[in-house]
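Chemist: The structure follows.
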Number of protein chains: 2
Amino acid sequence: MDITIVDNQQDILQIKLKKILGDPANLTGTCPTRNILDRFSDKWSILSIFHLGNAGILRFNELKKRIDGISQRMLTVTLRNLERDGLISRRVYPEIPPRVEYELTGLGNSLLVKVIELGEWASDHGDQIMQARAQYDARERNTLSALNN
Amino acid sequence: MDITIVDNQQDILQIKLKKILGDPANLTGTCPTRNILDRFSDKWSILSIFHLGNAGILRFNELKKRIDGISQRMLTVTLRNLERDGLISRRVYPEIPPRVEYELTGLGNSLLVKVIELGEWASDHGDQIMQARAQYDARERNTLSALNN
DNA sequence: CGGTATCCTTTGGGATACTG
DNA sequence: CAGTATCCCAAAGGATACCG
């Protein structure tokens with residue numbers, strides 16, 4: 001009986017896959033789903049979403065301090081793109097010195113849930129991946145040194 | 001009572017976030033989780049995982065046909081990286097002409113589940129994002145033309 | 001403080017040609 | 001068929017300087 005349940009879960013995955021891949025004809029490189037996945041294809045976006053999800057509301061420089069290694073330019077670009085996609089909101093207070101606050105929107109929070117799952121997977125399987133890499137590299141070195149003899 | 005449930009779910013998210021962000025000190029740019037998320041930061045990896053999950057086993061050129069727009073070089077690079085991370089297996093049949101089959105490993109399948117969730121989100125919210133972009137661009141055009149007057 | 005503008009280097013990745 | 005090797009270009013992104 002367990003087998004049936006497993007099979008059903010597999011079927012659900014297959015159905016979802018076909019929905020994603022076959023959506024509006026994946027053949028066209030302009031497929032929206034691909035377009036959107038491209039946006040998450042940069043680490044700064046994902047990290048920004050994580051930190052905003054974690055802190056709630058953050059000012060520009062607060063965010064910059066938390067995202068290790070990001071340049072001012074890239075943080076600006078990243079936040080603009082996320083705002084453009086409706087994932088974060090940007091509130092400017094007309095004060096001197098200026099204050100700008102960023103926060104996840106409802107849409108952004110719904111994405112956060114999914115991205116957290118991915119982050120948790122990475123956190124949970126990091127060791128396994130690092131180990132696989134070490135093994136691969138070791139094999140690689142062996143075959144290379146064998147060729148040199 | 002509903003509020004309590006919602007709060008608990010929020011708490012769970014917060015706990016997971018802290019687990020991800022605070023894992024081994026996110027401060028170091030070499031944090032494994034970030035390192036691994038970087039790997040998914042290219043669209044070809046995600047698309048390869050989708051298509052292998054969908055088809056099960058695929059040969060090099062079968063995969064190339066399905067991933068629209070990918071070059072031979074990038075498919076090779078992508079598959080090598082995924083293999084190195086232990087996400088896919090590569091079986092070479094010593095025949096002429098050669099035959100090479102790619103398949104998701106157990107680890108790869110466990111990742112597939114998470115990536116499908118992300119893909120489904122993108123598929124479901126694509127319209128919303130496109131709409132947000134259009135609105136943002138329209139506002140942008142207005143403020144620009146206002147500056148020119 | 002929260003940016004923008006500019007420059008300049010590095011990387012990603014396509015095109016093409018060749019090979020076991 | 002399934003790559004590798006080379007060349008080359010476009011884009012990403014860091015560093016720096018300046019600004020409201």
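Chain labels run A, B, ... following the order of the structure tokens; each chain numbers its residues from 1, and ligands are numbered from 1 in the order shown.
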Could you list, as a list of chain:residue names, every residue of chain C that has an atom within 9 Å of an atom of chain A, counting only C-alpha atoms (C1' of nucleotides)?

Modeler: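 Listed by rising number, the hits are C:DC1, C:DG2, C:DG3.
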
Chemist: Store the residues picked out above in a file with N, CA, C and O atoms (P, O5', C5', C4', C3', O3' and C1' of nucleotides), as an mmCIF file, in the first residue's frame.

Modeler:
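Everything below was put into result.cif:
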data_model
loop_
_atom_site.group_PDB
_atom_site.id
_atom_site.type_symbol
_atom_site.label_atom_id
_atom_site.label_comp_id
_atom_site.auth_asym_id
_atom_site.auth_seq_id
_atom_site.Cartn_x
_atom_site.Cartn_y
_atom_site.Cartn_z
ATOM 1 P P DC C 1 24.987 56.941 7.911
ATOM 2 O "O5'" DC C 1 23.745 57.035 6.968
ATOM 3 C "C5'" DC C 1 22.491 57.339 7.563
ATOM 4 C "C4'" DC C 1 21.511 57.474 6.443
ATOM 5 C "C3'" DC C 1 21.491 56.252 5.529
ATOM 6 O "O3'" DC C 1 20.115 55.901 5.358
ATOM 7 C "C1'" DC C 1 21.971 58.215 4.244
ATOM 8 P P DG C 2 19.697 54.521 4.730
ATOM 9 O "O5'" DG C 2 19.659 54.847 3.173
ATOM 10 C "C5'" DG C 2 18.752 55.845 2.725
ATOM 11 C "C4'" DG C 2 19.036 56.150 1.298
ATOM 12 C "C3'" DG C 2 19.202 54.913 0.397
ATOM 13 O "O3'" DG C 2 18.507 55.116 -0.817
ATOM 14 C "C1'" DG C 2 21.022 56.324 0.127
ATOM 15 P P DG C 3 18.165 53.817 -1.713
ATOM 16 O "O5'" DG C 3 19.595 53.340 -2.327
ATOM 17 C "C5'" DG C 3 19.834 53.562 -3.687
ATOM 18 C "C4'" DG C 3 20.167 55.014 -3.961
ATOM 19 C "C3'" DG C 3 20.717 55.268 -5.345
ATOM 20 O "O3'" DG C 3 19.655 55.483 -6.259
ATOM 21 C "C1'" DG C 3 21.898 56.507 -3.670
#

Chemist: Hey, what does DSSP flag as helix (DSSP H, G or I) within stretch 2-136 of chain A? Can you give it to me as a VMD selection string?

Modeler: chain A and resid 2 to 21 32 to 39 43 to 55 60 to 66 72 to 84 106 to 136

Chemist: Using only C-alpha atoms and a cut-off of 7 Å, which residues of chain B sit close to chain A? Please list them as a count of residues only.

Modeler: 35

Chemist: Within 12 Å of C:DA15, counting only C-alpha atoms (C1' of nucleotides), which residues show up once you throw out same-chain ones fewer than 6 positions away? Write them as an MDAnalysis selection string, please.

Modeler: (chainID B and resid 71:73) or (chainID D and resid 6:9)

Chemist: Please report as a list in words which residues of chain D come no farther than 8 Å from chain B, using only C-alpha atoms (C1' of nucleotides).

Modeler: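 Listing them in order of chain and number gives DC1, DA2 and DG3 of chain D.
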